[in-house]
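Asker: Below is the structure I would like to discuss, written out as structure tokens.
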Protein chains: 2
Amino acid sequence: MQTAVPSLREVEPLPQPYLLFLGDVAEPAYAKTAFGLRDWAGERCVGEFACAGTTIATGLPLMTPAQARAIGARAMVIGVANPGGRIPASWLPALLQALESGLDLIGGMHARLADIESLRHAAAALGRRLIDVREPPPGLPVASGARRSGMRLLTVGTDCALGKKYTALALARAFRARGVDADFRASGQTGILIAGGGMPMDAVVADFAAGAAELLSPDADPAHWDVIEGQGSLSHPAYAGVSLSLLHGSQPDVIVVCHEHGREHMLGYPHYPLPSIEETIDLALRLGSRTNPAIRCAGVSLNTSRLDDDAARRAIEQAGARLGMPVADPMRAGDAFARLVDACLA
Amino acid sequence: MQTAVPSLREVEPLPQPYLLFLGDVAEPAYAKTAFGLRDWAGERCVGEFACAGTTIATGLPLMTPAQARAIGARAMVIGVANPGGRIPASWLPALLQALESGLDLIGGMHARLADIESLRHAAAALGRRLIDVREPPPGLPVASGARRSGMRLLTVGTDCALGKKYTALALARAFRARGVDADFRASGQTGILIAGGGMPMDAVVADFAAGAAELLSPDADPAHWDVIEGQGSLSHPAYAGVSLSLLHGSQPDVIVVCHEHGREHMLGYPHYPLPSIEETIDLALRLGSRTNPAIRCAGVSLNTSRLDDDAARRAIEQAGARLGMPVADPMRAGDAFARLVDACLA
């Protein structure tokens, strides 16, 4: 039975601009989503709002939901996450205030907004939406494997949580700065908030995961680049299947391998050594060539955030000499990153 | 937020023995599930039931649901599938008759039993269950990657639909015939019906797929073998992610690669050539060694169902000589299959 296949063009984009909600957390590490939105989608964030007593701040103007609505905001985004991914009762007055002020609510936490009865009732009564960016669109297709027009780049990791999203964002921004028509394509919840749309790859049913990745970067103009956020690692004992589905469905022409300098074991899996950069390149090219025989690796994005400037420069130079390809930390602008961008577009 | 992790021991097994329902289909190819149950779980099938005018038969005694219940049947299994995976209205009287006779209903079609209002109401009123074997258990964990005790074999395919389930069933039966403690572990719907339980790998959310595979073959006695039904192919443009998750989570000690003689393109993907057996072995060992460094390939299961006996024997001998390892068609008993079993247990 054929079901109608959605295209991402038909999937409604997230309502923007945003008001960022900081909850009542005191630990900046829990506000990564808000900081990411400020850094990468700042022109679509009108301000911030928080519970009384919150000590963190994004630097955006502090305002009420009503003030945000008056200057054009269309949704309030939960920009923080506590370790459990819960939505505490202490946030509810602020969330209800946003709905009453005419804003939709957008969340990407473990707990779903629509599972909270008072929010559900208020949203229904006010005609507002509760949007969960962890939920994939319905009716996803099985992958066709057919080649699509346009150029594609995928960031591929040696592990989780080491810079695949930031690398893709930085490359898409650099491509555009050179006059190249490029889109960042988000495959995880923070990326989806930044892009205003995308595909939550980790939440898709396994049989449709490669099909979901095909939808994420549709046919495009031959000169257009989709810069796709990678997920997981092909060597990850839990998430490699997600990474392979994304690789096959993305059909990248170019990969950039992302690694954190000094990380030796998989995050949360101390009995699993990290694969080498060389092994990761080789495996990704071998597996990726199944759906795009022309796949190539343009270089390496090296996360040197734990090093000072001198040590970072040395680590980048040494890795480049060893690997014989461009290596750069996109968070440290400079010639090395420019050479990585050159190699991607070559 | 930690949620309780189920174990398959806690997941209730399917109610057995079965009455097989043949619907009103006239094409034997659509009754594959019923034939598979007759061949591999015949001792747990009391008989068959069908709509008037059905021309196919399993050879099991024809009886009504009431007669089946009287001799111990606990569920009626929908043993047929039409191309659309629909449950036609013409089947409903028979399905309601089974519920009224005290049988649960088990289905694995695209359409869900519980989505049909008259069945849902009847089951609720009668205290009967509507069981869909495509639905994974709730609360699946992320894979831990931790090694488990006991021995594991996984069948690995060059493509879909060429004998991975039958090979696993035949090997598990042969292991037991040699006095080896062995269980068949099902990863797809027909296999789950045969085994009375299992994990519908294709329906699991991608992030939990390797974790679901870990649950499927839990810690066991060091001499015990789990013989695990493979899914898809590591070279499949749509399903490779499922195959990799199952490979990583299964942590097989032994793989047997399954191939159909003469198949040259992926089923339904004419622009994708089949990977060679050699490439499939090499890729599965490379990827599988991530979670079990001791993984090895014991041999090849060659589906020769389109060949006559002489041509099949020649094809098996030629493949064995080329690959330098045991090759057999499990559907053709004989010395070749005995050597494949030897190699698995070596």
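Ligands are numbered from 1 in the order shown, chains are lettered A, B, ... in the order of the structure tokens, and residues start at 1 in each chain.
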Segment 221-271 of chain B: which residues are helix (DSSP H, G or I) by DSSP, as a ChimeraX atom specification?
Answerer: /B:240-250
Asker: How about saving the chosen residues, C-alpha atoms kept, as a short mmCIF file (atom, residue, chain, number, x, y, z; two decimals), in the first residue's frame?
Answerer:
```cif
data_model
loop_
_atom_site.label_atom_id
_atom_site.label_comp_id
_atom_site.auth_asym_id
_atom_site.auth_seq_id
_atom_site.Cartn_x
_atom_site.Cartn_y
_atom_site.Cartn_z
CA ALA B 240 21.80 -1.19 5.99
CA GLY B 241 21.34 0.76 9.23
CA VAL B 242 19.02 -1.94 10.58
CA SER B 243 21.53 -4.63 9.57
CA LEU B 244 24.42 -2.81 11.27
CA SER B 245 22.44 -2.24 14.48
CA LEU B 246 21.54 -5.93 14.58
CA LEU B 247 25.16 -6.91 13.92
CA HIS B 248 26.55 -4.62 16.63
CA GLY B 249 23.92 -5.56 19.21
CA SER B 250 24.05 -9.29 18.49
#
```
Asker: Could you produce a table of the residues of chain A lying within 10 Å of chain B, with the nearest pair of atoms per residue and their separation in Å rounded to one decimal, using only C-alpha atoms, ordered by chain and increasing residue number, as JSON lines?
Answerer:
```
{"residue": "A:Met1", "atom": "CA", "partner": "B:Gly84", "partner_atom": "CA", "distance": 4.4}
{"residue": "A:Gln2", "atom": "CA", "partner": "B:Gly84", "partner_atom": "CA", "distance": 8.1}
{"residue": "A:Asn82", "atom": "CA", "partner": "B:Met1", "partner_atom": "CA", "distance": 9.9}
{"residue": "A:Pro83", "atom": "CA", "partner": "B:Met1", "partner_atom": "CA", "distance": 7.5}
{"residue": "A:Gly84", "atom": "CA", "partner": "B:Met1", "partner_atom": "CA", "distance": 4.4}
{"residue": "A:Gly85", "atom": "CA", "partner": "B:Met1", "partner_atom": "CA", "distance": 6.7}
{"residue": "A:Arg86", "atom": "CA", "partner": "B:Met1", "partner_atom": "CA", "distance": 7.8}
{"residue": "A:His110", "atom": "CA", "partner": "B:Met1", "partner_atom": "CA", "distance": 8.2}
{"residue": "A:Ala111", "atom": "CA", "partner": "B:Met1", "partner_atom": "CA", "distance": 9.3}
{"residue": "A:Pro141", "atom": "CA", "partner": "B:Ala238", "partner_atom": "CA", "distance": 9.7}
{"residue": "A:Val142", "atom": "CA", "partner": "B:Ala238", "partner_atom": "CA", "distance": 6.2}
{"residue": "A:Ala143", "atom": "CA", "partner": "B:Ala238", "partner_atom": "CA", "distance": 4.7}
{"residue": "A:Ser144", "atom": "CA", "partner": "B:Ala238", "partner_atom": "CA", "distance": 6.9}
{"residue": "A:Gly145", "atom": "CA", "partner": "B:Pro237", "partner_atom": "CA", "distance": 5.4}
{"residue": "A:Ala146", "atom": "CA", "partner": "B:His271", "partner_atom": "CA", "distance": 8.3}
{"residue": "A:Met201", "atom": "CA", "partner": "B:Ala206", "partner_atom": "CA", "distance": 7.6}
{"residue": "A:Asp202", "atom": "CA", "partner": "B:Asp207", "partner_atom": "CA", "distance": 4.9}
{"residue": "A:Ala203", "atom": "CA", "partner": "B:Val205", "partner_atom": "CA", "distance": 5.7}
{"residue": "A:Val204", "atom": "CA", "partner": "B:Val205", "partner_atom": "CA", "distance": 5.5}
{"residue": "A:Val205", "atom": "CA", "partner": "B:Val205", "partner_atom": "CA", "distance": 4.1}
{"residue": "A:Ala206", "atom": "CA", "partner": "B:Ala206", "partner_atom": "CA", "distance": 4.4}
{"residue": "A:Asp207", "atom": "CA", "partner": "B:Asp202", "partner_atom": "CA", "distance": 4.9}
{"residue": "A:Phe208", "atom": "CA", "partner": "B:Ala238", "partner_atom": "CA", "distance": 7.3}
{"residue": "A:Ala209", "atom": "CA", "partner": "B:Ala206", "partner_atom": "CA", "distance": 7.0}
{"residue": "A:Ala210", "atom": "CA", "partner": "B:Ala238", "partner_atom": "CA", "distance": 5.4}
{"residue": "A:Gly211", "atom": "CA", "partner": "B:Ala238", "partner_atom": "CA", "distance": 6.6}
{"residue": "A:Ala212", "atom": "CA", "partner": "B:Ala238", "partner_atom": "CA", "distance": 9.9}
{"residue": "A:Glu214", "atom": "CA", "partner": "B:Ala238", "partner_atom": "CA", "distance": 9.8}
{"residue": "A:Gly232", "atom": "CA", "partner": "B:Asp207", "partner_atom": "CA", "distance": 9.6}
{"residue": "A:Leu234", "atom": "CA", "partner": "B:Leu287", "partner_atom": "CA", "distance": 8.8}
{"residue": "A:Ser235", "atom": "CA", "partner": "B:Arg290", "partner_atom": "CA", "distance": 6.9}
{"residue": "A:His236", "atom": "CA", "partner": "B:Arg290", "partner_atom": "CA", "distance": 8.4}
{"residue": "A:Pro237", "atom": "CA", "partner": "B:Gly145", "partner_atom": "CA", "distance": 5.4}
{"residue": "A:Ala238", "atom": "CA", "partner": "B:Ala143", "partner_atom": "CA", "distance": 4.7}
{"residue": "A:Tyr239", "atom": "CA", "partner": "B:Asp207", "partner_atom": "CA", "distance": 6.0}
{"residue": "A:Ala240", "atom": "CA", "partner": "B:Ser245", "partner_atom": "CA", "distance": 6.7}
{"residue": "A:Gly241", "atom": "CA", "partner": "B:Gly241", "partner_atom": "CA", "distance": 4.0}
{"residue": "A:Val242", "atom": "CA", "partner": "B:Ala206", "partner_atom": "CA", "distance": 5.9}
{"residue": "A:Ser243", "atom": "CA", "partner": "B:Gly241", "partner_atom": "CA", "distance": 7.6}
{"residue": "A:Leu244", "atom": "CA", "partner": "B:Gly241", "partner_atom": "CA", "distance": 5.4}
{"residue": "A:Ser245", "atom": "CA", "partner": "B:Gly241", "partner_atom": "CA", "distance": 4.9}
{"residue": "A:Leu246", "atom": "CA", "partner": "B:Gly241", "partner_atom": "CA", "distance": 8.5}
{"residue": "A:Leu247", "atom": "CA", "partner": "B:Gly241", "partner_atom": "CA", "distance": 9.5}
{"residue": "A:His248", "atom": "CA", "partner": "B:Pro237", "partner_atom": "CA", "distance": 6.2}
{"residue": "A:Gly249", "atom": "CA", "partner": "B:Pro237", "partner_atom": "CA", "distance": 7.4}
{"residue": "A:Gln251", "atom": "CA", "partner": "B:Pro237", "partner_atom": "CA", "distance": 9.9}
{"residue": "A:Gly268", "atom": "CA", "partner": "B:Ser144", "partner_atom": "CA", "distance": 9.2}
{"residue": "A:Tyr269", "atom": "CA", "partner": "B:Ser144", "partner_atom": "CA", "distance": 7.7}
{"residue": "A:His271", "atom": "CA", "partner": "B:Ala146", "partner_atom": "CA", "distance": 8.2}
{"residue": "A:Tyr272", "atom": "CA", "partner": "B:Gly145", "partner_atom": "CA", "distance": 8.3}
{"residue": "A:Pro273", "atom": "CA", "partner": "B:Arg290", "partner_atom": "CA", "distance": 9.8}
{"residue": "A:Pro275", "atom": "CA", "partner": "B:Arg290", "partner_atom": "CA", "distance": 9.6}
{"residue": "A:Leu283", "atom": "CA", "partner": "B:Leu287", "partner_atom": "CA", "distance": 9.1}
{"residue": "A:Arg286", "atom": "CA", "partner": "B:Leu283", "partner_atom": "CA", "distance": 9.3}
{"residue": "A:Leu287", "atom": "CA", "partner": "B:Ser235", "partner_atom": "CA", "distance": 7.9}
{"residue": "A:Gly288", "atom": "CA", "partner": "B:Ser235", "partner_atom": "CA", "distance": 9.9}
{"residue": "A:Arg290", "atom": "CA", "partner": "B:Ser235", "partner_atom": "CA", "distance": 6.9}
{"residue": "A:Thr291", "atom": "CA", "partner": "B:Pro237", "partner_atom": "CA", "distance": 6.6}
```
Asker: Under the rule that only C-alpha atoms are counted, which of A:Glu264, A:Gly127, A:Cys344, A:Ala321 is the nearest residue to Val227 of chain A?
Answerer: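 Going through A:Glu264, A:Gly127, A:Cys344, A:Ala321 one by one, the smallest distance to Val227 of chain A is for A:Cys344.
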Asker: Report as number ranges by chain all protein, DNA and RNA residues lying within 9 Å of Asp132 of chain B, evaluated on only C-alpha atoms, omitting residues in the same chain fewer than 5 positions from it.
Answerer: B: 105-109, 112-114
Asker: From segment 206-236 of chain B, collect each residue whose DSSP state is strand (DSSP E) and return the set as a PDB file with C-alpha atoms, in the first residue's frame.
Answerer:
```pdb
ATOM      1  CA  TRP B 225      23.944 -20.872  21.292  1.00  0.00           C
ATOM      2  CA  ASP B 226      21.558 -18.170  20.144  1.00  0.00           C
ATOM      3  CA  VAL B 227      21.015 -18.492  16.395  1.00  0.00           C
ATOM      4  CA  ILE B 228      19.825 -15.041  15.357  1.00  0.00           C
TER       5      ILE B 228
END
```
Asker: Nearest residue to Gly139 of chain B out of B:Leu307, B:Leu215, B:Ala343, B:Cys258, using only C-alpha atoms?
Answerer: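 Distance minimum relative to Gly139 of chain B lands on B:Leu215.
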Asker: What does the structure give for the distance between atom CA of Ala223 of chain A and atom CA of Gly299 of chain A, in Å to one decimal?
Answerer: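 Atom-to-atom, atom CA of Ala223 of chain A to atom CA of Gly299 of chain A, that is 20.7 Å.
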Asker: Suppose you want the space between atom CA of Gly59 of chain A and atom CA of Asp309 of chain A; what is it in Å?
Answerer: 25.4 Å
Asker: Which polymer residues have any atom within 10 Å of an atom of Thr280 of chain B, counting only C-alpha atoms, with same-chain residues fewer than 2 positions away left out, as number ranges by chain?
Answerer: B: 156-159, 233-235, 257-259, 274-278, 282-286
Asker: Give me, as a ChimeraX atom specification, all polymer residues having an atom no more than 9 Å from Gly196 of chain B, counting only C-alpha atoms and skipping those fewer than 2 positions away in the same chain.
Answerer: /B:13-16,186,191-194,198
Asker: For those residues, write N, CA and C atoms to a file as a JSON list (two decimals), in the first residue's frame.
Answerer:
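What follows is the written file result.json:
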```json
[["chain", "number", "residue", "atom", "x", "y", "z"],
["B", 13, "PRO", "N", 5.39, -14.08, 26.26],
["B", 13, "PRO", "CA", 5.44, -14.82, 25.01],
["B", 13, "PRO", "C", 4.07, -14.85, 24.34],
["B", 14, "LEU", "N", 4.05, -15.13, 23.06],
["B", 14, "LEU", "CA", 2.78, -15.19, 22.32],
["B", 14, "LEU", "C", 1.95, -16.38, 22.81],
["B", 15, "PRO", "N", 0.62, -16.23, 22.87],
["B", 15, "PRO", "CA", -0.23, -17.35, 23.28],
["B", 15, "PRO", "C", -0.19, -18.47, 22.23],
["B", 16, "GLN", "N", 0.09, -19.67, 22.66],
["B", 16, "GLN", "CA", 0.19, -20.83, 21.77],
["B", 16, "GLN", "C", -0.51, -22.01, 22.45],
["B", 186, "ALA", "N", 14.31, -14.59, 16.81],
["B", 186, "ALA", "CA", 13.63, -13.99, 15.66],
["B", 186, "ALA", "C", 13.74, -12.47, 15.67],
["B", 191, "GLY", "N", 9.34, -14.81, 11.74],
["B", 191, "GLY", "CA", 10.20, -15.48, 12.71],
["B", 191, "GLY", "C", 9.66, -15.37, 14.13],
["B", 192, "ILE", "N", 9.11, -14.22, 14.48],
["B", 192, "ILE", "CA", 8.55, -14.02, 15.82],
["B", 192, "ILE", "C", 7.36, -14.95, 16.04],
["B", 193, "LEU", "N", 6.51, -15.12, 15.02],
["B", 193, "LEU", "CA", 5.39, -16.05, 15.14],
["B", 193, "LEU", "C", 5.90, -17.48, 15.34],
["B", 194, "ILE", "N", 6.94, -17.85, 14.60],
["B", 194, "ILE", "CA", 7.49, -19.20, 14.71],
["B", 194, "ILE", "C", 8.10, -19.41, 16.10],
["B", 198, "GLY", "N", 10.31, -12.47, 20.13],
["B", 198, "GLY", "CA", 11.44, -11.94, 19.38],
["B", 198, "GLY", "C", 11.39, -10.43, 19.32]]
```
Asker: Near Thr167 of chain B, within 12 Å and counting only C-alpha atoms, which residues show up once chain neighbours fewer than 3 positions away are dropped, as an MDAnalysis selection string?
Answerer: chainID B and resid 40 153:157 161:164 170:174 184:186 191 227:230 255:260 299:303 327:333 337 340:341
Asker: Using only C-alpha atoms, which residues sit within 9 Å of Thr190 of chain A once same-chain residues fewer than 5 positions away are excluded, as a list in words?
Answerer: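 Listing them by chain and then by number gives Lys32, Thr33, Ala34, Gly36, Leu37, Gly108, Val133, Lys165 and Ala195 of chain A.
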Asker: For the selection you just gave me, I'd like the residues written to a file as an mmCIF file, in the first residue's frame, keeping N, CA and C atoms.
Answerer:
```cif
data_model
loop_
_atom_site.group_PDB
_atom_site.id
_atom_site.type_symbol
_atom_site.label_atom_id
_atom_site.label_comp_id
_atom_site.auth_asym_id
_atom_site.auth_seq_id
_atom_site.Cartn_x
_atom_site.Cartn_y
_atom_site.Cartn_z
ATOM 1 N N LYS A 32 22.923 25.002 26.619
ATOM 2 C CA LYS A 32 23.605 24.872 25.330
ATOM 3 C C LYS A 32 22.704 25.218 24.151
ATOM 4 N N THR A 33 21.446 24.818 24.257
ATOM 5 C CA THR A 33 20.523 25.086 23.150
ATOM 6 C C THR A 33 20.347 26.585 22.953
ATOM 7 N N ALA A 34 20.155 27.322 24.060
ATOM 8 C CA ALA A 34 19.980 28.775 23.959
ATOM 9 C C ALA A 34 21.233 29.441 23.398
ATOM 10 N N GLY A 36 23.489 28.058 21.500
ATOM 11 C CA GLY A 36 23.607 27.678 20.087
ATOM 12 C C GLY A 36 22.700 28.514 19.208
ATOM 13 N N LEU A 37 21.480 28.766 19.682
ATOM 14 C CA LEU A 37 20.549 29.602 18.910
ATOM 15 C C LEU A 37 21.063 31.033 18.818
ATOM 16 N N GLY A 108 12.419 20.439 22.816
ATOM 17 C CA GLY A 108 13.155 19.291 22.279
ATOM 18 C C GLY A 108 13.696 18.448 23.411
ATOM 19 N N VAL A 133 10.391 19.074 18.581
ATOM 20 C CA VAL A 133 11.293 18.866 17.440
ATOM 21 C C VAL A 133 11.924 17.473 17.457
ATOM 22 N N LYS A 165 27.844 19.202 14.507
ATOM 23 C CA LYS A 165 26.854 20.243 14.191
ATOM 24 C C LYS A 165 27.556 21.578 13.956
ATOM 25 N N ALA A 195 18.056 25.703 12.354
ATOM 26 C CA ALA A 195 17.708 25.783 10.934
ATOM 27 C C ALA A 195 16.243 26.147 10.725
#
```
Asker: Report, in Å to a single decimal, how far apart atom CA of Glu117 of chain A and atom CA of Ala57 of chain A are.
Answerer: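 Separating atom CA of Ala57 of chain A from atom CA of Glu117 of chain A is a distance of 29.3 Å.
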